[in-house]
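model34.cif (mmCIF, C-alpha atoms and all ligand atoms; chains and numbers go by the auth columns)
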data_my_file
#
loop_
_atom_site.group_PDB
_atom_site.id
_atom_site.type_symbol
_atom_site.label_atom_id
_atom_site.label_comp_id
_atom_site.label_asym_id
_atom_site.label_seq_id
_atom_site.Cartn_x
_atom_site.Cartn_y
_atom_site.Cartn_z
_atom_site.B_iso_or_equiv
_atom_site.auth_seq_id
_atom_site.auth_asym_id
ATOM 1 C CA MET A 1 24.061 -50.420 99.149 0.00 9 G
ATOM 2 C CA SER A 2 27.551 -51.863 99.282 0.00 10 G
ATOM 3 C CA LEU A 3 29.324 -51.978 95.947 0.00 11 G
ATOM 4 C CA ARG A 4 31.718 -54.673 97.057 0.00 12 G
ATOM 5 C CA LEU A 5 31.474 -58.417 97.289 0.00 13 G
ATOM 6 C CA SER A 6 32.932 -60.127 100.338 0.00 14 G
ATOM 7 C CA THR A 7 35.755 -62.648 99.921 0.00 15 G
ATOM 8 C CA GLU A 8 33.281 -65.397 100.720 0.00 16 G
ATOM 9 C CA GLN A 9 30.792 -64.119 98.139 0.00 17 G
ATOM 10 C CA ILE A 10 33.505 -63.970 95.489 0.00 18 G
ATOM 11 C CA GLU A 11 34.331 -67.609 96.177 0.00 19 G
ATOM 12 C CA ARG A 12 30.717 -68.813 96.427 0.00 20 G
ATOM 13 C CA TYR A 13 29.701 -67.177 93.145 0.00 21 G
ATOM 14 C CA SER A 14 33.078 -67.461 91.377 0.00 22 G
ATOM 15 C CA ARG A 15 31.856 -69.744 88.581 0.00 23 G
ATOM 16 C CA GLN A 16 29.186 -67.299 87.464 0.00 24 G
ATOM 17 C CA ILE A 17 31.264 -64.177 88.169 0.00 25 G
ATOM 18 C CA MET A 18 33.840 -65.512 85.684 0.00 26 G
ATOM 19 C CA VAL A 19 31.207 -65.670 82.922 0.00 27 G
ATOM 20 C CA PRO A 20 32.084 -62.630 80.765 0.00 28 G
ATOM 21 C CA ASP A 21 28.427 -61.603 80.306 0.00 29 G
ATOM 22 C CA LEU A 22 27.925 -61.539 84.091 0.00 30 G
ATOM 23 C CA GLY A 23 30.921 -60.601 86.248 0.00 31 G
ATOM 24 C CA GLY A 24 31.059 -58.891 89.640 0.00 32 G
ATOM 25 C CA LYS A 25 28.638 -56.098 88.735 0.00 33 G
ATOM 26 C CA ALA A 26 25.915 -58.595 87.851 0.00 34 G
ATOM 27 C CA GLN A 27 26.560 -60.411 91.118 0.00 35 G
ATOM 28 C CA ILE A 28 26.005 -57.194 93.093 0.00 36 G
ATOM 29 C CA ARG A 29 22.813 -56.553 91.110 0.00 37 G
ATOM 30 C CA LEU A 30 21.541 -60.022 91.992 0.00 38 G
ATOM 31 C CA ARG A 31 22.298 -59.388 95.665 0.00 39 G
ATOM 32 C CA GLU A 32 20.188 -56.213 95.510 0.00 40 G
ATOM 33 C CA SER A 33 17.290 -57.944 93.704 0.00 41 G
ATOM 34 C CA ARG A 34 13.994 -59.256 95.016 0.00 42 G
ATOM 35 C CA VAL A 35 12.181 -62.073 93.239 0.00 43 G
ATOM 36 C CA LEU A 36 8.769 -63.488 94.104 0.00 44 G
ATOM 37 C CA VAL A 37 8.078 -67.129 93.251 0.00 45 G
ATOM 38 C CA VAL A 38 4.367 -67.933 92.957 0.00 46 G
ATOM 39 C CA GLY A 39 3.921 -71.603 93.857 0.00 47 G
ATOM 40 C CA ALA A 40 6.507 -73.751 95.678 0.00 48 G
ATOM 41 C CA GLY A 41 5.746 -76.729 93.433 0.00 49 G
ATOM 42 C CA GLY A 42 7.068 -78.325 90.243 0.00 50 G
ATOM 43 C CA LEU A 43 8.169 -75.060 88.581 0.00 51 G
ATOM 44 C CA GLY A 44 8.839 -73.037 91.729 0.00 52 G
ATOM 45 C CA SER A 45 11.171 -75.697 93.155 0.00 53 G
ATOM 46 C CA PRO A 46 13.903 -75.618 90.491 0.00 54 G
ATOM 47 C CA ALA A 47 13.433 -71.874 89.916 0.00 55 G
ATOM 48 C CA ALA A 48 13.809 -71.014 93.617 0.00 56 G
ATOM 49 C CA PHE A 49 16.741 -73.405 94.069 0.00 57 G
ATOM 50 C CA TYR A 50 18.728 -71.816 91.232 0.00 58 G
ATOM 51 C CA LEU A 51 17.823 -68.274 92.253 0.00 59 G
ATOM 52 C CA ALA A 52 18.904 -68.885 95.854 0.00 60 G
ATOM 53 C CA ALA A 53 22.088 -70.595 94.666 0.00 61 G
ATOM 54 C CA ALA A 54 22.825 -67.647 92.359 0.00 62 G
ATOM 55 C CA GLY A 55 22.640 -65.178 95.248 0.00 63 G
ATOM 56 C CA ILE A 56 19.350 -63.314 94.760 0.00 64 G
ATOM 57 C CA GLY A 57 19.093 -60.947 97.749 0.00 65 G
ATOM 58 C CA THR A 58 15.459 -61.521 98.639 0.00 66 G
ATOM 59 C CA LEU A 59 13.329 -64.445 97.578 0.00 67 G
ATOM 60 C CA GLY A 60 9.575 -64.445 98.270 0.00 68 G
ATOM 61 C CA LEU A 61 7.578 -67.682 98.176 0.00 69 G
ATOM 62 C CA ILE A 62 3.800 -67.873 98.092 0.00 70 G
ATOM 63 C CA ASP A 63 1.879 -71.153 98.356 0.00 71 G
ATOM 64 C CA PRO A 64 -1.130 -72.122 100.492 0.00 72 G
ATOM 65 C CA ASP A 65 -0.609 -75.901 100.304 0.00 73 G
ATOM 66 C CA ARG A 66 0.996 -78.572 102.445 0.00 74 G
ATOM 67 C CA VAL A 67 3.405 -81.208 101.137 0.00 75 G
ATOM 68 C CA GLU A 68 1.711 -84.396 99.904 0.00 76 G
ATOM 69 C CA LEU A 69 3.309 -87.690 98.904 0.00 77 G
ATOM 70 C CA SER A 70 2.253 -87.260 95.259 0.00 78 G
ATOM 71 C CA ASN A 71 4.154 -83.918 95.110 0.00 79 G
ATOM 72 C CA LEU A 72 7.588 -85.421 95.704 0.00 80 G
ATOM 73 C CA GLN A 73 8.033 -86.843 92.195 0.00 81 G
ATOM 74 C CA ARG A 74 8.580 -83.301 90.853 0.00 82 G
ATOM 75 C CA GLN A 75 8.527 -80.712 93.662 0.00 83 G
ATOM 76 C CA ILE A 76 12.170 -81.157 94.584 0.00 84 G
ATOM 77 C CA LEU A 77 12.237 -78.519 97.317 0.00 85 G
ATOM 78 C CA HIS A 78 10.366 -80.989 99.527 0.00 86 G
ATOM 79 C CA SER A 79 11.403 -84.354 100.905 0.00 87 G
ATOM 80 C CA THR A 80 9.667 -87.325 102.504 0.00 88 G
ATOM 81 C CA ALA A 81 10.252 -85.925 106.007 0.00 89 G
ATOM 82 C CA ASP A 82 8.250 -82.796 105.014 0.00 90 G
ATOM 83 C CA LEU A 83 4.929 -84.583 104.412 0.00 91 G
ATOM 84 C CA GLY A 84 2.142 -82.509 105.959 0.00 92 G
ATOM 85 C CA ARG A 85 4.368 -79.452 106.409 0.00 93 G
ATOM 86 C CA ALA A 86 3.469 -76.102 104.809 0.00 94 G
ATOM 87 C CA LYS A 87 5.262 -75.972 101.438 0.00 95 G
ATOM 88 C CA VAL A 88 6.628 -72.482 102.068 0.00 96 G
ATOM 89 C CA GLU A 89 8.138 -73.610 105.409 0.00 97 G
ATOM 90 C CA SER A 90 9.693 -76.678 103.814 0.00 98 G
ATOM 91 C CA ALA A 91 11.013 -74.566 100.930 0.00 99 G
ATOM 92 C CA LYS A 92 12.468 -71.925 103.240 0.00 100 G
ATOM 93 C CA ALA A 93 14.378 -74.577 105.189 0.00 101 G
ATOM 94 C CA LYS A 94 16.011 -76.039 102.035 0.00 102 G
ATOM 95 C CA LEU A 95 16.845 -72.684 100.471 0.00 103 G
ATOM 96 C CA SER A 96 18.346 -71.329 103.703 0.00 104 G
ATOM 97 C CA GLN A 97 20.508 -74.447 103.979 0.00 105 G
ATOM 98 C CA LEU A 98 21.697 -73.937 100.432 0.00 106 G
ATOM 99 C CA ASN A 99 22.411 -70.211 100.848 0.00 107 G
ATOM 100 C CA PRO A 100 21.990 -68.577 104.279 0.00 108 G
ATOM 101 C CA GLU A 101 22.687 -65.138 102.740 0.00 109 G
ATOM 102 C CA VAL A 102 19.328 -65.060 100.922 0.00 110 G
ATOM 103 C CA GLU A 103 16.481 -63.381 102.768 0.00 111 G
ATOM 104 C CA ILE A 104 13.466 -65.680 102.371 0.00 112 G
ATOM 105 C CA ARG A 105 9.979 -64.228 102.834 0.00 113 G
ATOM 106 C CA ILE A 106 7.106 -66.662 102.963 0.00 114 G
ATOM 107 C CA TYR A 107 3.378 -66.226 102.343 0.00 115 G
ATOM 108 C CA PRO A 108 1.366 -69.355 103.270 0.00 116 G
ATOM 109 C CA VAL A 109 -1.732 -68.055 101.467 0.00 117 G
ATOM 110 C CA ARG A 110 -3.492 -68.383 98.113 0.00 118 G
ATOM 111 C CA LEU A 111 -2.782 -65.510 95.720 0.00 119 G
ATOM 112 C CA GLU A 112 -6.060 -63.647 95.213 0.00 120 G
ATOM 113 C CA ASP A 113 -7.380 -60.355 93.856 0.00 121 G
ATOM 114 C CA GLU A 114 -7.492 -59.005 97.408 0.00 122 G
ATOM 115 C CA ASN A 115 -3.878 -59.725 98.430 0.00 123 G
ATOM 116 C CA ALA A 116 -1.934 -59.724 95.133 0.00 124 G
ATOM 117 C CA ALA A 117 -1.095 -56.005 95.027 0.00 125 G
ATOM 118 C CA GLU A 118 0.197 -55.983 98.613 0.00 126 G
ATOM 119 C CA ILE A 119 2.304 -59.127 98.139 0.00 127 G
ATOM 120 C CA PHE A 120 3.742 -58.046 94.761 0.00 128 G
ATOM 121 C CA ALA A 121 4.824 -54.609 96.050 0.00 129 G
ATOM 122 C CA GLY A 122 8.593 -54.238 96.231 0.00 130 G
ATOM 123 C CA TYR A 123 9.533 -57.199 94.022 0.00 131 G
ATOM 124 C CA ASP A 124 11.625 -56.694 90.875 0.00 132 G
ATOM 125 C CA PHE A 125 10.623 -59.883 89.074 0.00 133 G
ATOM 126 C CA ILE A 126 8.009 -62.592 89.467 0.00 134 G
ATOM 127 C CA ILE A 127 8.270 -66.279 88.577 0.00 135 G
ATOM 128 C CA ASP A 128 4.812 -67.642 87.869 0.00 136 G
ATOM 129 C CA GLY A 129 4.972 -71.274 88.881 0.00 137 G
ATOM 130 C CA SER A 130 1.256 -71.585 89.531 0.00 138 G
ATOM 131 C CA ASP A 131 -0.758 -74.565 88.346 0.00 139 G
ATOM 132 C CA ASN A 132 -4.058 -72.991 87.331 0.00 140 G
ATOM 133 C CA PHE A 133 -5.335 -70.496 84.778 0.00 141 G
ATOM 134 C CA SER A 134 -7.022 -68.108 87.192 0.00 142 G
ATOM 135 C CA THR A 135 -3.728 -67.549 89.075 0.00 143 G
ATOM 136 C CA LYS A 136 -1.809 -67.182 85.804 0.00 144 G
ATOM 137 C CA PHE A 137 -4.165 -64.452 84.591 0.00 145 G
ATOM 138 C CA LEU A 138 -4.091 -62.789 88.027 0.00 146 G
ATOM 139 C CA VAL A 139 -0.258 -62.749 88.069 0.00 147 G
ATOM 140 C CA ASN A 140 -0.293 -61.292 84.543 0.00 148 G
ATOM 141 C CA ASP A 141 -2.823 -58.556 85.254 0.00 149 G
ATOM 142 C CA ILE A 142 -1.404 -57.412 88.618 0.00 150 G
ATOM 143 C CA ALA A 143 2.223 -57.539 87.402 0.00 151 G
ATOM 144 C CA ILE A 144 1.280 -55.383 84.409 0.00 152 G
ATOM 145 C CA LYS A 145 -0.649 -52.945 86.597 0.00 153 G
ATOM 146 C CA PHE A 146 2.402 -52.449 88.841 0.00 154 G
ATOM 147 C CA GLY A 147 4.996 -52.664 86.061 0.00 155 G
ATOM 148 C CA ILE A 148 6.775 -55.784 87.355 0.00 156 G
ATOM 149 C CA ALA A 149 8.396 -58.052 84.767 0.00 157 G
ATOM 150 C CA PHE A 150 7.615 -61.746 85.101 0.00 158 G
ATOM 151 C CA SER A 151 8.091 -65.201 83.655 0.00 159 G
ATOM 152 C CA HIS A 152 4.997 -67.158 82.700 0.00 160 G
ATOM 153 C CA ALA A 153 5.106 -70.934 82.403 0.00 161 G
ATOM 154 C CA GLY A 154 2.827 -73.927 82.086 0.00 162 G
ATOM 155 C CA ILE A 155 3.475 -77.670 82.059 0.00 163 G
ATOM 156 C CA VAL A 156 1.419 -80.780 81.376 0.00 164 G
ATOM 157 C CA ARG A 157 2.382 -84.380 80.681 0.00 165 G
ATOM 158 C CA LEU A 158 5.518 -84.206 78.480 0.00 166 G
ATOM 159 C CA GLN A 159 5.072 -80.602 77.396 0.00 167 G
ATOM 160 C CA GLY A 160 5.952 -77.190 78.706 0.00 168 G
ATOM 161 C CA GLN A 161 5.822 -73.575 77.644 0.00 169 G
ATOM 162 C CA THR A 162 7.279 -70.338 78.918 0.00 170 G
ATOM 163 C CA MET A 163 7.401 -66.643 78.033 0.00 171 G
ATOM 164 C CA THR A 164 8.848 -63.533 79.666 0.00 172 G
ATOM 165 C CA VAL A 165 6.731 -60.377 79.923 0.00 173 G
ATOM 166 C CA ILE A 166 7.999 -56.825 80.364 0.00 174 G
ATOM 167 C CA PRO A 167 4.867 -54.790 81.134 0.00 175 G
ATOM 168 C CA LYS A 168 3.709 -52.362 78.431 0.00 176 G
ATOM 169 C CA LYS A 169 6.819 -53.151 76.365 0.00 177 G
ATOM 170 C CA THR A 170 6.315 -56.738 75.261 0.00 178 G
ATOM 171 C CA ALA A 171 3.330 -59.007 74.643 0.00 179 G
ATOM 172 C CA CYS A 172 1.642 -60.293 77.780 0.00 180 G
ATOM 173 C CA TYR A 173 -0.001 -63.607 78.610 0.00 181 G
ATOM 174 C CA ARG A 174 -3.444 -62.128 77.975 0.00 182 G
ATOM 175 C CA CYS A 175 -2.383 -60.740 74.555 0.00 183 G
ATOM 176 C CA PHE A 176 -1.966 -64.379 73.516 0.00 184 G
ATOM 177 C CA PHE A 177 -4.485 -66.377 75.544 0.00 185 G
ATOM 178 C CA LYS A 178 -7.187 -63.679 76.038 0.00 186 G
ATOM 179 C CA GLU A 179 -9.009 -65.503 78.832 0.00 187 G
ATOM 180 C CA ALA A 180 -9.046 -68.754 80.773 0.00 188 G
ATOM 181 C CA PRO A 181 -10.540 -71.730 78.907 0.00 189 G
ATOM 182 C CA PRO A 182 -13.717 -73.263 80.346 0.00 190 G
ATOM 183 C CA PRO A 183 -12.960 -75.654 83.251 0.00 191 G
ATOM 184 C CA GLU A 184 -13.974 -78.756 81.258 0.00 192 G
ATOM 185 C CA GLU A 185 -11.198 -78.075 78.728 0.00 193 G
ATOM 186 C CA ILE A 186 -8.466 -77.777 81.316 0.00 194 G
ATOM 187 C CA LEU A 187 -6.037 -80.583 82.007 0.00 195 G
ATOM 188 C CA SER A 188 -4.277 -80.064 85.327 0.00 196 G
ATOM 189 C CA CYS A 189 -1.251 -81.996 86.596 0.00 197 G
ATOM 190 C CA GLN A 190 -3.629 -83.741 88.967 0.00 198 G
ATOM 191 C CA GLN A 191 -5.783 -85.037 86.117 0.00 199 G
ATOM 192 C CA ALA A 192 -3.312 -85.275 83.245 0.00 200 G
ATOM 193 C CA GLY A 193 0.015 -86.042 84.866 0.00 201 G
ATOM 194 C CA ILE A 194 3.426 -84.487 84.434 0.00 202 G
ATOM 195 C CA LEU A 195 6.969 -85.818 84.164 0.00 203 G
ATOM 196 C CA GLY A 196 9.015 -84.222 86.955 0.00 204 G
ATOM 197 C CA ALA A 197 12.052 -83.545 84.766 0.00 205 G
ATOM 198 C CA VAL A 198 9.868 -81.504 82.357 0.00 206 G
ATOM 199 C CA ALA A 199 8.950 -79.194 85.250 0.00 207 G
ATOM 200 C CA GLY A 200 12.652 -79.008 86.093 0.00 208 G
ATOM 201 C CA THR A 201 13.586 -77.896 82.567 0.00 209 G
ATOM 202 C CA ILE A 202 10.941 -75.177 82.379 0.00 210 G
ATOM 203 C CA GLY A 203 11.535 -73.943 85.952 0.00 211 G
ATOM 204 C CA SER A 204 15.261 -73.660 85.208 0.00 212 G
ATOM 205 C CA LEU A 205 14.496 -71.589 82.101 0.00 213 G
ATOM 206 C CA GLN A 206 12.389 -69.274 84.271 0.00 214 G
ATOM 207 C CA ALA A 207 15.278 -68.790 86.732 0.00 215 G
ATOM 208 C CA THR A 208 17.615 -68.072 83.803 0.00 216 G
ATOM 209 C CA GLU A 209 15.258 -65.406 82.470 0.00 217 G
ATOM 210 C CA ALA A 210 14.971 -63.785 85.927 0.00 218 G
ATOM 211 C CA ILE A 211 18.767 -63.631 86.276 0.00 219 G
ATOM 212 C CA LYS A 212 19.154 -62.225 82.755 0.00 220 G
ATOM 213 C CA TYR A 213 16.483 -59.576 83.309 0.00 221 G
ATOM 214 C CA LEU A 214 17.901 -58.520 86.691 0.00 222 G
ATOM 215 C CA THR A 215 21.465 -58.249 85.429 0.00 223 G
ATOM 216 C CA GLY A 216 20.527 -56.097 82.448 0.00 224 G
ATOM 217 C CA PHE A 217 20.429 -58.385 79.439 0.00 225 G
ATOM 218 C CA GLU A 218 18.500 -56.199 77.025 0.00 226 G
ATOM 219 C CA GLU A 219 18.599 -58.661 74.179 0.00 227 G
ATOM 220 C CA GLY A 220 17.854 -62.336 74.077 0.00 228 G
ATOM 221 C CA LEU A 221 15.093 -62.352 76.672 0.00 229 G
ATOM 222 C CA LEU A 222 12.178 -64.642 75.899 0.00 230 G
ATOM 223 C CA THR A 223 9.870 -61.753 75.075 0.00 231 G
ATOM 224 C CA ASP A 224 7.264 -61.507 72.294 0.00 232 G
ATOM 225 C CA ARG A 225 7.627 -65.239 71.790 0.00 233 G
ATOM 226 C CA LEU A 226 6.364 -68.326 73.571 0.00 234 G
ATOM 227 C CA LEU A 227 8.894 -71.123 73.891 0.00 235 G
ATOM 228 C CA THR A 228 7.294 -74.534 73.718 0.00 236 G
ATOM 229 C CA TYR A 229 9.017 -77.734 74.779 0.00 237 G
ATOM 230 C CA ASP A 230 7.924 -81.182 73.649 0.00 238 G
ATOM 231 C CA ALA A 231 9.869 -83.755 75.660 0.00 239 G
ATOM 232 C CA LYS A 232 8.343 -86.668 73.723 0.00 240 G
ATOM 233 C CA LEU A 233 9.940 -85.473 70.479 0.00 241 G
ATOM 234 C CA MET A 234 12.686 -83.554 72.345 0.00 242 G
ATOM 235 C CA LYS A 235 11.964 -80.378 70.417 0.00 243 G
ATOM 236 C CA PHE A 236 11.856 -76.721 71.350 0.00 244 G
ATOM 237 C CA HIS A 237 9.864 -74.239 69.260 0.00 245 G
ATOM 238 C CA ASP A 238 9.376 -70.470 69.306 0.00 246 G
ATOM 239 C CA VAL A 239 5.924 -69.098 68.613 0.00 247 G
ATOM 240 C CA GLU A 240 5.797 -65.383 67.866 0.00 248 G
ATOM 241 C CA VAL A 241 3.418 -63.468 70.143 0.00 249 G
ATOM 242 C CA LYS A 242 2.329 -59.979 69.129 0.00 250 G
ATOM 243 C CA ARG A 243 1.154 -57.303 71.532 0.00 251 G
ATOM 244 C CA ASP A 244 -2.571 -56.817 71.138 0.00 252 G
ATOM 245 C CA PRO A 245 -3.498 -53.098 71.213 0.00 253 G
ATOM 246 C CA ALA A 246 -6.935 -54.132 72.493 0.00 254 G
ATOM 247 C CA CYS A 247 -5.544 -56.451 75.215 0.00 255 G
ATOM 248 C CA ALA A 248 -7.602 -56.160 78.400 0.00 256 G
ATOM 249 C CA ALA A 249 -4.416 -56.175 80.518 0.00 257 G
ATOM 250 C CA CYS A 250 -1.769 -54.218 78.589 0.00 258 G
ATOM 251 C CA GLY A 251 -3.654 -52.755 75.625 0.00 259 G
ATOM 252 C CA THR A 252 -3.273 -49.169 74.486 0.00 260 G
ATOM 253 C CA THR A 253 -6.931 -48.788 73.554 0.00 261 G
ATOM 254 C CA THR A 254 -8.569 -47.227 76.600 0.00 262 G
ATOM 255 C CA LEU A 255 -12.030 -48.061 77.831 0.00 263 G
ATOM 256 C CA GLU A 256 -13.302 -44.572 76.935 0.00 264 G
ATOM 257 C CA ALA A 257 -11.977 -44.852 73.410 0.00 265 G
ATOM 258 C CA LYS A 258 -13.737 -48.190 72.999 0.00 266 G
ATOM 259 C CA THR A 259 -17.008 -46.745 74.333 0.00 267 G
ATOM 260 C CA MET A 260 -16.750 -43.749 72.025 0.00 268 G
ATOM 261 C CA SER A 261 -16.187 -45.863 68.958 0.00 269 G
ATOM 262 C CA THR A 262 -19.179 -48.048 69.726 0.00 270 G
ATOM 263 C CA THR A 263 -21.499 -45.067 70.244 0.00 271 G
ATOM 264 C CA ALA A 264 -20.206 -43.152 67.202 0.00 272 G
HETATM 265 ZN ZN ZN B . -1.448 -57.887 76.803 0.00 301 P
#

Give the structure from the file, written as structure tokens.
Ligand SMILES: [Zn+2]
Amino acid sequence: MSLRLSTEQIERYSRQIMVPDLGGKAQIRLRESRVLVVGAGGLGSPAAFYLAAAGIGTLGLIDPDRVELSNLQRQILHSTADLGRAKVESAKAKLSQLNPEVEIRIYPVRLEDENAAEIFAGYDFIIDGSDNFSTKFLVNDIAIKFGIAFSHAGIVRLQGQTMTVIPKKTACYRCFFKEAPPPEEILSCQQAGILGAVAGTIGSLQATEAIKYLTGFEEGLLTDRLLTYDAKLMKFHDVEVKRDPACAACGTTTLEAKTMSTTA
């Protein structure tokens, strides 16, 4: 790995290199980093745009869908000319235009139990921009299994929430939510609606957390707390989240120990 930035890189990234908490070292770290973005939609669009602009070395994008007209109000990676095109292809084109130095890897598939481990391998951080509970729990469980830090987020109507998880060190998504709610209780963007700018705010927070994690910010990460955003009242709140020793994903209580205590 080269420990130098080119003259062009110094100019391109000058405004973040001059931030005292970042600097040239952080820029080199970003160049050596690999981030996977799950979902090239409302959250993945702003997150991937800012990560590519910031000079992340490798950006992975996974999404099985094609661009639809109703996506364009919030999924800003895609434009009218992209209708019908695979979202990952459309996203790759925009991100490469923005920053040709970023290596973009695309996966035009649905994230599932069978392919998650293979796709996650080699990434340093994951942005969960998925739009359904089963994918959110899958991202959580596989990321924890392989020790990959990630940013969780969810959005609906005029509200958003986000939390950063460092496996086995900080509370995970399952510590807080336990399991997916029954389908009849779930409001998706399709059914409930979402303001595009709300997705933009939360996706930008996710990119910020990724950059902070990758450049070694030990303190200040959004860990052990869920940040909630209410755009209607324009209020942000922190909700403390505690690690659950009995958590099915990151808990310290092993299966054997549980079995023994129930038979004792
Ligand atoms: Zn947990």

Next item on the list: Could you state which residues are captured by the PyMOL selection byres (((not hetatm)) within 7 of (chain P and resi 301)) in this file, as number ranges by chain?
Entry: G: 179-183, 251-252, 255-259

Check: Can you list, as a list in words, every protein, DNA or RNA residue that comes within 8 Å of G:Pro54 when you count all atoms listed in the file, leaving out same-chain residues fewer than 6 positions away?
Finding: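 In the requested form, the answer reads Ile84, Leu85, Gly208, Gly211, Ser212 and Ala215 of chain G.
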
Check: Out of G:Thr172, G:Thr143, G:Ser53, G:His86, which residue has the shortest atom-to-atom distance to G:Lys220 when counting only C-alpha atoms?
Finding: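 Using only C-alpha atoms, the shortest distance to G:Lys220 belongs to G:Thr172.
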
Item checked: Residues in the PyMOL selection byres (((chain G and resi 36-51) around 6) and not hetatm), expressed as number ranges by chain -> G: 33-35, 52-53, 63-71, 82-83, 131-138, 207, 211

Checklist line | Using only C-alpha atoms: which of G:Thr236, G:Thr223, G:Thr178, G:Ser159 has the shortest distance to G:Ala55 | finding: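 Checking each of G:Thr236, G:Thr223, G:Thr178, G:Ser159 against G:Ala55, counting only C-alpha atoms, the winner is G:Ser159.
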